[in-house]
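Trainee: Please see the structure below; I have some questions.
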2 protein chains.
Amino acid sequence: MKDERLFEKAAIIGVGLIGGSLARVLKNRGLAGRVVGSGRSEANMKKALELGIIDEALPLEKAVKNADIVVLCGPVLSILPTLEKAAAYIKDGSLVTDVGSTKSDIAYGAEKISAGRFSFIGSHPIAGTEKSGAENSFETLFDRHRCIITPLDNAPVDAYNRLVTLWQKAGMEVLKMRPDRHDKIFSAVSHLPHMVVYALVNAVCEISEGDDIVNFAAGGFKDFTRIASSPAEMWADIALSNAKPIADQLSAVKNHISEIESAIKQNDKERLLGIFKKSNAFRKKLT
Amino acid sequence: MKDERLFEKAAIIGVGLIGGSLARVLKNRGLAGRVVGSGRSEANMKKALELGIIDEALPLEKAVKNADIVVLCGPVLSILPTLEKAAAYIKDGSLVTDVGSTKSDIAYGAEKISAGRFSFIGSHPIAGTEKSGAENSFETLFDRHRCIITPLDNAPVDAYNRLVTLWQKAGMEVLKMRPDRHDKIFSAVSHLPHMVVYALVNAVCEISEGDDIVNFAAGGFKDFTRIASSPAEMWADIALSNAKPIADQLSAVKNHISEIESAIKQNDKERLLGIFKKSNAFRKKLT
């Protein structure tokens, strides 16, 4: 079903799982007149063209030229350098967004780069699969998921409304949040657990040296440490692009570990019970 | 199907999920002539009798008297005090075991209490469900699971063989291990993750104060923190009965967290990649 056209020309920079899926939404639902793509992998761009996900593959500068919307879909740490490179070619008044998992550094960096000439509003569509690349993209990826958008106070109303409409048309529930609050929350519920499990798995790896601990790491441990299989490259980027909240929260986790450690060493069952029951109670709120 | 009788009288001390299930195995498969039970909860003992799980409910002293095997199935921290109380009534040469999740403290403590008069060999049947109590016990609970038994060097061969046969008849794969090695391994793959997740959840609880972080704790976080719902009482016991390995390993986890924290603060992507890739590689061995 064709929807009302939102943009004449849309430029997707990085046509992977997210970028490719958004390109499909823009094209197949008639939200953009023309969807062009740009990306570093020639093979992936060829695939995106073959599959009809984009109308044209172009170098970055040509892709963004005259585009009414530019969506930066590369890795989190590439967003600002890419925007820097593209900025001179982006037309006045254009809407620029990204799909990165961290928002503060990007929001404030992009504001500087745009210098008020175009409107940058960050997006974090919370959708994905374990697969990557244009060939794994699909139009319904965003359906019934949430998208956090993180406009700064001076974001133009028109750009804001178009961005909300775009994600809604993609099937998402759109929530507005300050970038720093977004980063604190997603550090706590996503980035922090990843860091802690990486640390735990490495500790167990060290402990297991010279022993076959691995043979006893049955169901529970395997399930629990699944996120330690998350791609190192992507998570290094996320960690560095949300450095302050993650570092602060890691420090808080260490304090809570120290509390447990000290209760154990002091053989203080009441204190341990208090700690574990607090955890039980908070966990209960999630279900 | 009836098997060869292993024991004339079996005493199950604590007829809950594990004790009840083992009583069913002993009775239904004809491994014991008579199965008596003892426990603190009158309601539970009544239930066990009603369900025919045990032949008789008795006070501790009478239960162990003349028993050929005594299985201590109470909480980990109750095992030694219970054995202390029962010891004088246990007959010479009897086989005594437990089903606790930690083994060193119990093994060395029981050796002292027995003073060579009866044979204590610890067991850790790795089986269970989320439910507890006699009414939730069932005969096939142990089927195809592992049981670690932890004899000290001086364990009599006959007692050892009977214990192996019992767990095998219950359907388990039996592995022998030194108690301290058992405790180190199970600290790493089970106790440590529990402690770390309790700490993580409490840190997130603290971070979330005044904010609705809980609303964003979707799928991943919920799955990951499932073990923070584990019963506080049981895990306080486990923590205190395996204090040294757990405390050492918690300290190791803090060091690994500090490494990540410092790499983030120094904006050192190469170092972060090294840490995360090491974790990826170890995790891969588990699958």
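Each chain in the structure tokens gets a letter, A, B, ..., in the order shown, and its residues are numbered from 1; ligands are numbered from 1 in order too.
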So which residues of region 17-239 of chain A fall under strand (DSSP E) by DSSP, listed as a PyMOL selection string?

Mentor: chain A and resi 32-38+56-57+69-72+95-98+119-120+122-125+146-150+173-176

Trainee: Keeping only C-alpha atoms, take the residues you just selected and write them out as a PDB file, in the first residue's frame.

Mentor:
```pdb
ATOM      1  CA  ALA A  32      10.196   8.697  -0.966  1.00  0.00           C
ATOM      2  CA  GLY A  33      10.272   9.438  -4.695  1.00  0.00           C
ATOM      3  CA  ARG A  34      13.791   8.096  -5.057  1.00  0.00           C
ATOM      4  CA  VAL A  35      16.015   6.192  -2.637  1.00  0.00           C
ATOM      5  CA  VAL A  36      19.740   6.301  -3.206  1.00  0.00           C
ATOM      6  CA  GLY A  37      22.359   4.463  -1.200  1.00  0.00           C
ATOM      7  CA  SER A  38      26.003   4.798  -0.385  1.00  0.00           C
ATOM      8  CA  GLU A  56      20.982   3.953  -7.252  1.00  0.00           C
ATOM      9  CA  ALA A  57      24.338   3.428  -5.532  1.00  0.00           C
ATOM     10  CA  ILE A  69      16.426  13.168   4.148  1.00  0.00           C
ATOM     11  CA  VAL A  70      19.822  11.643   4.900  1.00  0.00           C
ATOM     12  CA  VAL A  71      19.900   8.592   7.170  1.00  0.00           C
ATOM     13  CA  LEU A  72      23.304   7.677   8.561  1.00  0.00           C
ATOM     14  CA  LEU A  95      16.523  16.438   7.553  1.00  0.00           C
ATOM     15  CA  VAL A  96      19.444  14.315   8.742  1.00  0.00           C
ATOM     16  CA  THR A  97      19.162  11.443  11.189  1.00  0.00           C
ATOM     17  CA  ASP A  98      21.125   8.355  12.249  1.00  0.00           C
ATOM     18  CA  SER A 119      18.300  19.708  10.830  1.00  0.00           C
ATOM     19  CA  PHE A 120      19.911  16.825  12.631  1.00  0.00           C
ATOM     20  CA  GLY A 122      19.046  11.415  16.151  1.00  0.00           C
ATOM     21  CA  SER A 123      17.023   8.191  16.051  1.00  0.00           C
ATOM     22  CA  HIS A 124      17.457   4.891  17.803  1.00  0.00           C
ATOM     23  CA  PRO A 125      15.153   2.327  16.234  1.00  0.00           C
ATOM     24  CA  ARG A 146      10.077   1.271  19.614  1.00  0.00           C
ATOM     25  CA  CYS A 147      12.083   4.115  18.172  1.00  0.00           C
ATOM     26  CA  ILE A 148      13.599   6.701  20.488  1.00  0.00           C
ATOM     27  CA  ILE A 149      14.234  10.049  18.846  1.00  0.00           C
ATOM     28  CA  THR A 150      16.444  12.565  20.597  1.00  0.00           C
ATOM     29  CA  GLU A 173       6.122   3.441  18.417  1.00  0.00           C
ATOM     30  CA  VAL A 174       8.042   6.713  18.606  1.00  0.00           C
ATOM     31  CA  LEU A 175       9.262   8.117  21.936  1.00  0.00           C
ATOM     32  CA  LYS A 176      11.041  11.423  22.432  1.00  0.00           C
TER      33      LYS A 176
END
```

Trainee: Kindly provide the residues of chain B that approach chain A to within 6 Å, each paired with its closest atom pair and their distance in Å to one decimal, based on only C-alpha atoms, listed by chain and increasing number, as CSV.

Mentor:
```
residue,atom,partner,partner_atom,distance
B:Ile185,CA,A:Ile213,CA,5.7
B:Ala188,CA,A:Val204,CA,5.9
B:Val189,CA,A:Ala217,CA,5.5
B:Tyr198,CA,A:Ser279,CA,5.6
B:Ala199,CA,A:His256,CA,5.0
B:Leu200,CA,A:Val253,CA,5.5
B:Val201,CA,A:Ser279,CA,5.8
B:Asn202,CA,A:Ser279,CA,5.5
B:Ala203,CA,A:Val253,CA,5.4
B:Val204,CA,A:Ala188,CA,5.9
B:Ile213,CA,A:Ile185,CA,5.7
B:Ala217,CA,A:Val189,CA,5.5
B:Phe221,CA,A:Val189,CA,5.8
B:Phe224,CA,A:Phe224,CA,5.8
B:Ala228,CA,A:Asn280,CA,5.8
B:Ser229,CA,A:Asn280,CA,4.8
B:Ala232,CA,A:Phe276,CA,5.1
B:Ala236,CA,A:Leu272,CA,5.9
B:Leu240,CA,A:Ile264,CA,5.8
B:Ala243,CA,A:Ile264,CA,6.0
B:Ala247,CA,A:Glu261,CA,5.4
B:Ala252,CA,A:Ala203,CA,5.9
B:Val253,CA,A:Ala203,CA,5.5
B:Lys254,CA,A:Lys254,CA,5.8
B:His256,CA,A:Ala199,CA,4.9
B:Ile257,CA,A:Ala199,CA,5.4
B:Glu261,CA,A:Ala247,CA,5.4
B:Ile264,CA,A:Leu240,CA,5.8
B:Leu272,CA,A:Ala236,CA,5.8
B:Leu273,CA,A:Ala232,CA,5.7
B:Phe276,CA,A:Ala232,CA,5.1
B:Lys277,CA,A:Ala232,CA,5.7
B:Ser279,CA,A:Asn202,CA,5.5
B:Asn280,CA,A:Ser229,CA,4.8
```

Trainee: I'd like the interatomic distance between CA of Leu6 (chain B) and CA of Tyr108 (chain B), to a tenth of an Å.

Mentor: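 These atoms are spaced 26.0 Å apart.
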